[in-house]
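Undergrad: Data: data20.pdb, PDB, N, CA and C atoms, pLDDT in the B column.
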```
ATOM      1  N   MET A 429       4.993  39.617   6.542  1.00 58.00           N
ATOM      2  CA  MET A 429       5.694  38.476   6.863  1.00 58.00           C
ATOM      3  C   MET A 429       5.856  37.627   5.622  1.00 58.00           C
ATOM      4  N   GLY A 430       6.702  38.027   4.834  1.00 61.00           N
ATOM      5  CA  GLY A 430       6.962  37.284   3.619  1.00 61.00           C
ATOM      6  C   GLY A 430       8.442  37.115   3.442  1.00 61.00           C
ATOM      7  N   ASP A 431       8.834  37.107   2.232  1.00 64.00           N
ATOM      8  CA  ASP A 431      10.246  36.961   1.925  1.00 64.00           C
ATOM      9  C   ASP A 431      10.966  38.258   2.257  1.00 64.00           C
ATOM     10  N   THR A 432      11.998  38.172   3.068  1.00 68.00           N
ATOM     11  CA  THR A 432      12.743  39.362   3.452  1.00 68.00           C
ATOM     12  C   THR A 432      13.879  39.655   2.491  1.00 68.00           C
ATOM     13  N   GLY A 433      14.113  38.781   1.546  1.00 67.00           N
ATOM     14  CA  GLY A 433      15.143  38.998   0.566  1.00 67.00           C
ATOM     15  C   GLY A 433      16.516  38.541   1.010  1.00 67.00           C
ATOM     16  N   ARG A 434      16.600  38.013   2.229  1.00 68.00           N
ATOM     17  CA  ARG A 434      17.893  37.531   2.713  1.00 68.00           C
ATOM     18  C   ARG A 434      18.194  36.157   2.151  1.00 68.00           C
ATOM     19  N   ALA A 435      19.463  35.913   1.947  1.00 62.00           N
ATOM     20  CA  ALA A 435      19.882  34.606   1.455  1.00 62.00           C
ATOM     21  C   ALA A 435      19.797  33.592   2.593  1.00 62.00           C
ATOM     22  N   PRO A 436      19.549  32.325   2.278  1.00 60.00           N
ATOM     23  CA  PRO A 436      19.503  31.318   3.334  1.00 60.00           C
ATOM     24  C   PRO A 436      20.883  31.159   3.961  1.00 60.00           C
ATOM     25  N   PRO A 437      20.920  30.705   5.208  1.00 59.00           N
ATOM     26  CA  PRO A 437      22.227  30.534   5.847  1.00 59.00           C
ATOM     27  C   PRO A 437      23.043  29.474   5.119  1.00 59.00           C
ATOM     28  N   PRO A 438      24.370  29.625   5.121  1.00 59.00           N
ATOM     29  CA  PRO A 438      25.198  28.642   4.410  1.00 59.00           C
ATOM     30  C   PRO A 438      25.097  27.269   5.073  1.00 59.00           C
ATOM     31  N   ALA A 439      25.256  26.254   4.268  1.00 58.00           N
ATOM     32  CA  ALA A 439      25.196  24.890   4.788  1.00 58.00           C
ATOM     33  C   ALA A 439      26.440  24.626   5.624  1.00 58.00           C
ATOM     34  N   HIS A 440      26.316  23.686   6.522  1.00 61.00           N
ATOM     35  CA  HIS A 440      27.452  23.319   7.354  1.00 61.00           C
ATOM     36  C   HIS A 440      28.533  22.704   6.484  1.00 61.00           C
ATOM     37  N   PRO A 441      29.788  22.962   6.804  1.00 61.00           N
ATOM     38  CA  PRO A 441      30.868  22.370   6.008  1.00 61.00           C
ATOM     39  C   PRO A 441      30.804  20.842   6.071  1.00 61.00           C
ATOM     40  N   GLY A 442      30.985  20.231   4.940  1.00 60.00           N
ATOM     41  CA  GLY A 442      30.949  18.775   4.869  1.00 60.00           C
ATOM     42  C   GLY A 442      29.553  18.198   4.739  1.00 60.00           C
ATOM     43  N   GLN A 443      28.533  19.045   4.814  1.00 57.00           N
ATOM     44  CA  GLN A 443      27.157  18.554   4.692  1.00 57.00           C
ATOM     45  C   GLN A 443      26.766  18.582   3.225  1.00 57.00           C
ATOM     46  N   GLU A 444      26.356  17.447   2.733  1.00 59.00           N
ATOM     47  CA  GLU A 444      25.947  17.346   1.333  1.00 59.00           C
ATOM     48  C   GLU A 444      24.515  17.832   1.185  1.00 59.00           C
ATOM     49  N   PRO A 445      24.173  18.425   0.057  1.00 56.00           N
ATOM     50  CA  PRO A 445      22.781  18.820  -0.155  1.00 56.00           C
ATOM     51  C   PRO A 445      21.906  17.584  -0.310  1.00 56.00           C
ATOM     52  N   THR A 446      20.670  17.727   0.118  1.00 61.00           N
ATOM     53  CA  THR A 446      19.760  16.590   0.018  1.00 61.00           C
ATOM     54  C   THR A 446      19.421  16.344  -1.439  1.00 61.00           C
ATOM     55  N   PRO A 447      19.387  15.093  -1.872  1.00 68.00           N
ATOM     56  CA  PRO A 447      19.094  14.808  -3.269  1.00 68.00           C
ATOM     57  C   PRO A 447      17.635  15.058  -3.623  1.00 68.00           C
ATOM     58  N   MET A 448      16.744  14.993  -2.654  1.00 75.00           N
ATOM     59  CA  MET A 448      15.323  15.231  -2.885  1.00 75.00           C
ATOM     60  C   MET A 448      14.795  16.105  -1.767  1.00 75.00           C
ATOM     61  N   SER A 449      13.829  16.944  -2.072  1.00 88.00           N
ATOM     62  CA  SER A 449      13.232  17.718  -1.003  1.00 88.00           C
ATOM     63  C   SER A 449      12.421  16.787  -0.107  1.00 88.00           C
ATOM     64  N   ARG A 450      12.217  17.211   1.098  1.00 92.00           N
ATOM     65  CA  ARG A 450      11.519  16.369   2.072  1.00 92.00           C
ATOM     66  C   ARG A 450      10.080  16.106   1.655  1.00 92.00           C
ATOM     67  N   LEU A 451       9.394  17.117   1.104  1.00 93.00           N
ATOM     68  CA  LEU A 451       8.013  16.917   0.666  1.00 93.00           C
ATOM     69  C   LEU A 451       7.921  15.931  -0.497  1.00 93.00           C
ATOM     70  N   ALA A 452       8.889  15.978  -1.385  1.00 94.00           N
ATOM     71  CA  ALA A 452       8.902  15.030  -2.497  1.00 94.00           C
ATOM     72  C   ALA A 452       9.097  13.615  -1.982  1.00 94.00           C
ATOM     73  N   LEU A 453       9.964  13.457  -1.010  1.00 95.00           N
ATOM     74  CA  LEU A 453      10.207  12.136  -0.446  1.00 95.00           C
ATOM     75  C   LEU A 453       8.984  11.607   0.284  1.00 95.00           C
ATOM     76  N   TYR A 454       8.327  12.457   1.070  1.00 96.00           N
ATOM     77  CA  TYR A 454       7.116  12.034   1.777  1.00 96.00           C
ATOM     78  C   TYR A 454       6.008  11.648   0.801  1.00 96.00           C
ATOM     79  N   SER A 455       5.831  12.426  -0.244  1.00 96.00           N
ATOM     80  CA  SER A 455       4.772  12.102  -1.199  1.00 96.00           C
ATOM     81  C   SER A 455       5.099  10.837  -1.991  1.00 96.00           C
ATOM     82  N   LEU A 456       6.397  10.564  -2.207  1.00 96.00           N
ATOM     83  CA  LEU A 456       6.770   9.310  -2.848  1.00 96.00           C
ATOM     84  C   LEU A 456       6.421   8.117  -1.962  1.00 96.00           C
ATOM     85  N   VAL A 457       6.656   8.243  -0.666  1.00 97.00           N
ATOM     86  CA  VAL A 457       6.299   7.177   0.272  1.00 97.00           C
ATOM     87  C   VAL A 457       4.783   6.967   0.297  1.00 97.00           C
ATOM     88  N   VAL A 458       4.021   8.051   0.300  1.00 97.00           N
ATOM     89  CA  VAL A 458       2.556   7.946   0.279  1.00 97.00           C
ATOM     90  C   VAL A 458       2.091   7.279  -1.011  1.00 97.00           C
ATOM     91  N   CYS A 459       2.731   7.609  -2.122  1.00 97.00           N
ATOM     92  CA  CYS A 459       2.362   7.008  -3.405  1.00 97.00           C
ATOM     93  C   CYS A 459       2.596   5.503  -3.399  1.00 97.00           C
ATOM     94  N   VAL A 460       3.748   5.078  -2.882  1.00 97.00           N
ATOM     95  CA  VAL A 460       4.047   3.643  -2.830  1.00 97.00           C
ATOM     96  C   VAL A 460       3.075   2.915  -1.906  1.00 97.00           C
ATOM     97  N   LEU A 461       2.793   3.498  -0.746  1.00 98.00           N
ATOM     98  CA  LEU A 461       1.861   2.862   0.187  1.00 98.00           C
ATOM     99  C   LEU A 461       0.440   2.808  -0.366  1.00 98.00           C
ATOM    100  N   ALA A 462       0.012   3.875  -1.039  1.00 98.00           N
ATOM    101  CA  ALA A 462      -1.333   3.893  -1.617  1.00 98.00           C
ATOM    102  C   ALA A 462      -1.450   2.888  -2.754  1.00 98.00           C
ATOM    103  N   THR A 463      -0.399   2.726  -3.530  1.00 98.00           N
ATOM    104  CA  THR A 463      -0.423   1.741  -4.611  1.00 98.00           C
ATOM    105  C   THR A 463      -0.515   0.323  -4.058  1.00 98.00           C
ATOM    106  N   SER A 464       0.250   0.055  -3.012  1.00 98.00           N
ATOM    107  CA  SER A 464       0.173  -1.293  -2.426  1.00 98.00           C
ATOM    108  C   SER A 464      -1.178  -1.518  -1.767  1.00 98.00           C
ATOM    109  N   ALA A 465      -1.764  -0.501  -1.149  1.00 97.00           N
ATOM    110  CA  ALA A 465      -3.101  -0.634  -0.564  1.00 97.00           C
ATOM    111  C   ALA A 465      -4.147  -0.870  -1.645  1.00 97.00           C
ATOM    112  N   ALA A 466      -3.989  -0.234  -2.796  1.00 97.00           N
ATOM    113  CA  ALA A 466      -4.926  -0.458  -3.898  1.00 97.00           C
ATOM    114  C   ALA A 466      -4.835  -1.887  -4.412  1.00 97.00           C
ATOM    115  N   VAL A 467      -3.617  -2.404  -4.524  1.00 97.00           N
ATOM    116  CA  VAL A 467      -3.445  -3.785  -4.992  1.00 97.00           C
ATOM    117  C   VAL A 467      -4.103  -4.748  -4.013  1.00 97.00           C
ATOM    118  N   VAL A 468      -3.872  -4.541  -2.727  1.00 97.00           N
ATOM    119  CA  VAL A 468      -4.466  -5.424  -1.711  1.00 97.00           C
ATOM    120  C   VAL A 468      -5.986  -5.330  -1.755  1.00 97.00           C
ATOM    121  N   SER A 469      -6.518  -4.128  -1.892  1.00 97.00           N
ATOM    122  CA  SER A 469      -7.974  -3.961  -1.940  1.00 97.00           C
ATOM    123  C   SER A 469      -8.586  -4.665  -3.142  1.00 97.00           C
ATOM    124  N   PHE A 470      -7.962  -4.524  -4.307  1.00 97.00           N
ATOM    125  CA  PHE A 470      -8.511  -5.163  -5.497  1.00 97.00           C
ATOM    126  C   PHE A 470      -8.371  -6.674  -5.436  1.00 97.00           C
ATOM    127  N   VAL A 471      -7.289  -7.171  -4.846  1.00 97.00           N
ATOM    128  CA  VAL A 471      -7.127  -8.623  -4.712  1.00 97.00           C
ATOM    129  C   VAL A 471      -8.203  -9.194  -3.801  1.00 97.00           C
ATOM    130  N   GLN A 472      -8.567  -8.437  -2.758  1.00 97.00           N
ATOM    131  CA  GLN A 472      -9.613  -8.887  -1.846  1.00 97.00           C
ATOM    132  C   GLN A 472     -11.012  -8.661  -2.398  1.00 97.00           C
ATOM    133  N   GLY A 473     -11.105  -8.037  -3.549  1.00 95.00           N
ATOM    134  CA  GLY A 473     -12.405  -7.834  -4.192  1.00 95.00           C
ATOM    135  C   GLY A 473     -13.152  -6.609  -3.710  1.00 95.00           C
ATOM    136  N   MET A 474     -12.471  -5.688  -3.070  1.00 95.00           N
ATOM    137  CA  MET A 474     -13.136  -4.480  -2.582  1.00 95.00           C
ATOM    138  C   MET A 474     -12.923  -3.342  -3.581  1.00 95.00           C
ATOM    139  N   TRP A 475     -13.979  -2.597  -3.814  1.00 93.00           N
ATOM    140  CA  TRP A 475     -13.897  -1.479  -4.746  1.00 93.00           C
ATOM    141  C   TRP A 475     -13.341  -0.224  -4.093  1.00 93.00           C
ATOM    142  N   LEU A 476     -13.002  -0.318  -2.813  1.00 94.00           N
ATOM    143  CA  LEU A 476     -12.375   0.803  -2.133  1.00 94.00           C
ATOM    144  C   LEU A 476     -10.996   1.100  -2.716  1.00 94.00           C
ATOM    145  N   GLY A 477     -10.450   0.162  -3.463  1.00 95.00           N
ATOM    146  CA  GLY A 477      -9.158   0.355  -4.105  1.00 95.00           C
ATOM    147  C   GLY A 477      -9.144   1.526  -5.068  1.00 95.00           C
ATOM    148  N   VAL A 478     -10.318   1.917  -5.564  1.00 97.00           N
ATOM    149  CA  VAL A 478     -10.399   3.066  -6.470  1.00 97.00           C
ATOM    150  C   VAL A 478      -9.925   4.332  -5.744  1.00 97.00           C
ATOM    151  N   VAL A 479     -10.291   4.460  -4.482  1.00 97.00           N
ATOM    152  CA  VAL A 479      -9.871   5.622  -3.694  1.00 97.00           C
ATOM    153  C   VAL A 479      -8.350   5.609  -3.521  1.00 97.00           C
ATOM    154  N   TRP A 480      -7.776   4.432  -3.300  1.00 97.00           N
ATOM    155  CA  TRP A 480      -6.324   4.319  -3.152  1.00 97.00           C
ATOM    156  C   TRP A 480      -5.608   4.661  -4.458  1.00 97.00           C
ATOM    157  N   VAL A 481      -6.201   4.299  -5.568  1.00 98.00           N
ATOM    158  CA  VAL A 481      -5.604   4.643  -6.861  1.00 98.00           C
ATOM    159  C   VAL A 481      -5.610   6.160  -7.056  1.00 98.00           C
ATOM    160  N   LEU A 482      -6.704   6.793  -6.690  1.00 98.00           N
ATOM    161  CA  LEU A 482      -6.780   8.253  -6.808  1.00 98.00           C
ATOM    162  C   LEU A 482      -5.757   8.933  -5.897  1.00 98.00           C
ATOM    163  N   LEU A 483      -5.611   8.423  -4.679  1.00 98.00           N
ATOM    164  CA  LEU A 483      -4.616   8.981  -3.765  1.00 98.00           C
ATOM    165  C   LEU A 483      -3.203   8.771  -4.292  1.00 98.00           C
ATOM    166  N   ALA A 484      -2.949   7.629  -4.898  1.00 98.00           N
ATOM    167  CA  ALA A 484      -1.632   7.379  -5.486  1.00 98.00           C
ATOM    168  C   ALA A 484      -1.365   8.351  -6.630  1.00 98.00           C
ATOM    169  N   GLY A 485      -2.376   8.654  -7.420  1.00 97.00           N
ATOM    170  CA  GLY A 485      -2.203   9.604  -8.520  1.00 97.00           C
ATOM    171  C   GLY A 485      -1.894  11.006  -8.032  1.00 97.00           C
ATOM    172  N   VAL A 486      -2.605  11.459  -7.016  1.00 97.00           N
ATOM    173  CA  VAL A 486      -2.364  12.799  -6.479  1.00 97.00           C
ATOM    174  C   VAL A 486      -0.973  12.879  -5.850  1.00 97.00           C
ATOM    175  N   SER A 487      -0.607  11.860  -5.086  1.00 97.00           N
ATOM    176  CA  SER A 487       0.692  11.909  -4.416  1.00 97.00           C
ATOM    177  C   SER A 487       1.846  11.775  -5.409  1.00 97.00           C
ATOM    178  N   SER A 488       1.646  11.040  -6.502  1.00 97.00           N
ATOM    179  CA  SER A 488       2.718  10.959  -7.494  1.00 97.00           C
ATOM    180  C   SER A 488       2.899  12.302  -8.200  1.00 97.00           C
ATOM    181  N   ASN A 489       1.799  13.009  -8.440  1.00 97.00           N
ATOM    182  CA  ASN A 489       1.907  14.350  -9.023  1.00 97.00           C
ATOM    183  C   ASN A 489       2.602  15.313  -8.067  1.00 97.00           C
ATOM    184  N   MET A 490       2.305  15.200  -6.772  1.00 96.00           N
ATOM    185  CA  MET A 490       2.971  16.041  -5.781  1.00 96.00           C
ATOM    186  C   MET A 490       4.457  15.745  -5.736  1.00 96.00           C
ATOM    187  N   CYS A 491       4.814  14.464  -5.809  1.00 95.00           N
ATOM    188  CA  CYS A 491       6.222  14.076  -5.791  1.00 95.00           C
ATOM    189  C   CYS A 491       6.943  14.666  -6.993  1.00 95.00           C
ATOM    190  N   TRP A 492       6.359  14.536  -8.155  1.00 96.00           N
ATOM    191  CA  TRP A 492       6.970  15.083  -9.372  1.00 96.00           C
ATOM    192  C   TRP A 492       7.119  16.594  -9.274  1.00 96.00           C
ATOM    193  N   TYR A 493       6.078  17.273  -8.786  1.00 95.00           N
ATOM    194  CA  TYR A 493       6.106  18.736  -8.697  1.00 95.00           C
ATOM    195  C   TYR A 493       7.206  19.208  -7.746  1.00 95.00           C
ATOM    196  N   TYR A 494       7.250  18.654  -6.534  1.00 94.00           N
ATOM    197  CA  TYR A 494       8.234  19.108  -5.556  1.00 94.00           C
ATOM    198  C   TYR A 494       9.651  18.724  -5.964  1.00 94.00           C
ATOM    199  N   TRP A 495       9.821  17.571  -6.576  1.00 93.00           N
ATOM    200  CA  TRP A 495      11.138  17.158  -7.038  1.00 93.00           C
ATOM    201  C   TRP A 495      11.639  18.089  -8.141  1.00 93.00           C
ATOM    202  N   ARG A 496      10.753  18.403  -9.073  1.00 94.00           N
ATOM    203  CA  ARG A 496      11.135  19.281 -10.176  1.00 94.00           C
ATOM    204  C   ARG A 496      11.390  20.700  -9.689  1.00 94.00           C
ATOM    205  N   ARG A 497      10.566  21.178  -8.770  1.00 92.00           N
ATOM    206  CA  ARG A 497      10.758  22.519  -8.228  1.00 92.00           C
ATOM    207  C   ARG A 497      12.085  22.621  -7.471  1.00 92.00           C
ATOM    208  N   ASP A 498      12.418  21.574  -6.738  1.00 90.00           N
ATOM    209  CA  ASP A 498      13.684  21.559  -6.010  1.00 90.00           C
ATOM    210  C   ASP A 498      14.876  21.557  -6.950  1.00 90.00           C
ATOM    211  N   ARG A 499      14.775  20.819  -8.038  1.00 89.00           N
ATOM    212  CA  ARG A 499      15.869  20.786  -9.015  1.00 89.00           C
ATOM    213  C   ARG A 499      16.029  22.122  -9.713  1.00 89.00           C
ATOM    214  N   GLN A 500      14.925  22.819  -9.997  1.00 89.00           N
ATOM    215  CA  GLN A 500      15.023  24.100 -10.683  1.00 89.00           C
ATOM    216  C   GLN A 500      15.587  25.194  -9.785  1.00 89.00           C
ATOM    217  N   THR A 501      15.261  25.165  -8.509  1.00 86.00           N
ATOM    218  CA  THR A 501      15.777  26.192  -7.609  1.00 86.00           C
ATOM    219  C   THR A 501      17.237  25.918  -7.247  1.00 86.00           C
ATOM    220  N   ALA A 502      17.660  24.649  -7.281  1.00 79.00           N
ATOM    221  CA  ALA A 502      19.043  24.315  -6.933  1.00 79.00           C
ATOM    222  C   ALA A 502      19.991  24.595  -8.098  1.00 79.00           C
ATOM    223  N   GLY A 503      19.480  24.535  -9.294  1.00 69.00           N
ATOM    224  CA  GLY A 503      20.379  24.671 -10.430  1.00 69.00           C
ATOM    225  C   GLY A 503      20.279  25.915 -11.141  1.00 69.00           C
TER     226      GLY A 503
END
```
Represent the structure of the file as structure tokens.
TA:
Amino acid sequence: MGDTGRAPPPAHPGQEPTPMSRLALYSLVVCVLATSAAVVSFVQGMWLGVVWVLLAGVSSNMCWYYWRRDRQTAG
């Protein structure tokens, strides 16, 4: 159950390709939310913001990876 070698079905006429893959978009949203949570945590004086910073770093790397992979396969 792997790649069967078939080409993906053609896109519907008039449908534009998505500018970003869905995973890249989701990880970008997680990165923005984690960054804002880190700012709020540090403003309130909680050191839990360190965890939010780490999550923002991982999600930003995921966003970059999926965005770049999508651009390379499309072009």
Undergrad: Could you list the residues chosen by the PyMOL selection byres ((chain A and resi 475-492) around 6.5) in this structure as a PyMOL selection string?
TA: chain A and resi 451-453+455-456+458-460+462-463+465-467+469-470+473-474+493-497
Undergrad: One decimal, Å: what's the distance from atom C of Arg450 of chain A over to atom CA of Ser464 of chain A, could you say?
TA: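 Calculated distance between atom C of Arg450 of chain A and atom CA of Ser464 of chain A is 20.4 Å.
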Undergrad: One decimal, in Å: what's the spacing between atom N of Gln500 of chain A and atom C of Met448 of chain A?
TA: 10.6 Å
Undergrad: To one decimal place, how far is atom N of Ala502 of chain A from atom C of Ser449 of chain A in Å?
TA: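 One can read the atom N of Ala502 of chain A to atom C of Ser449 of chain A distance as 11.9 Å.
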Undergrad: From segment 447-492 of chain A, collect each residue whose DSSP state is helix (DSSP H, G or I) and return the set as a ChimeraX atom specification.
TA: /A:450-471,477-492
Undergrad: Centre and edge lengths, as JSON, for the axis-aligned box enclosing every listed atom of segment 479-496 of chain A with 4 Å of padding on each of the six sides, in Å to one decimal?
TA:
```
{"center_x": 0.7, "center_y": 12.5, "center_z": -6.7, "size_x": 29.9, "size_y": 24.4, "size_z": 15.0}
```
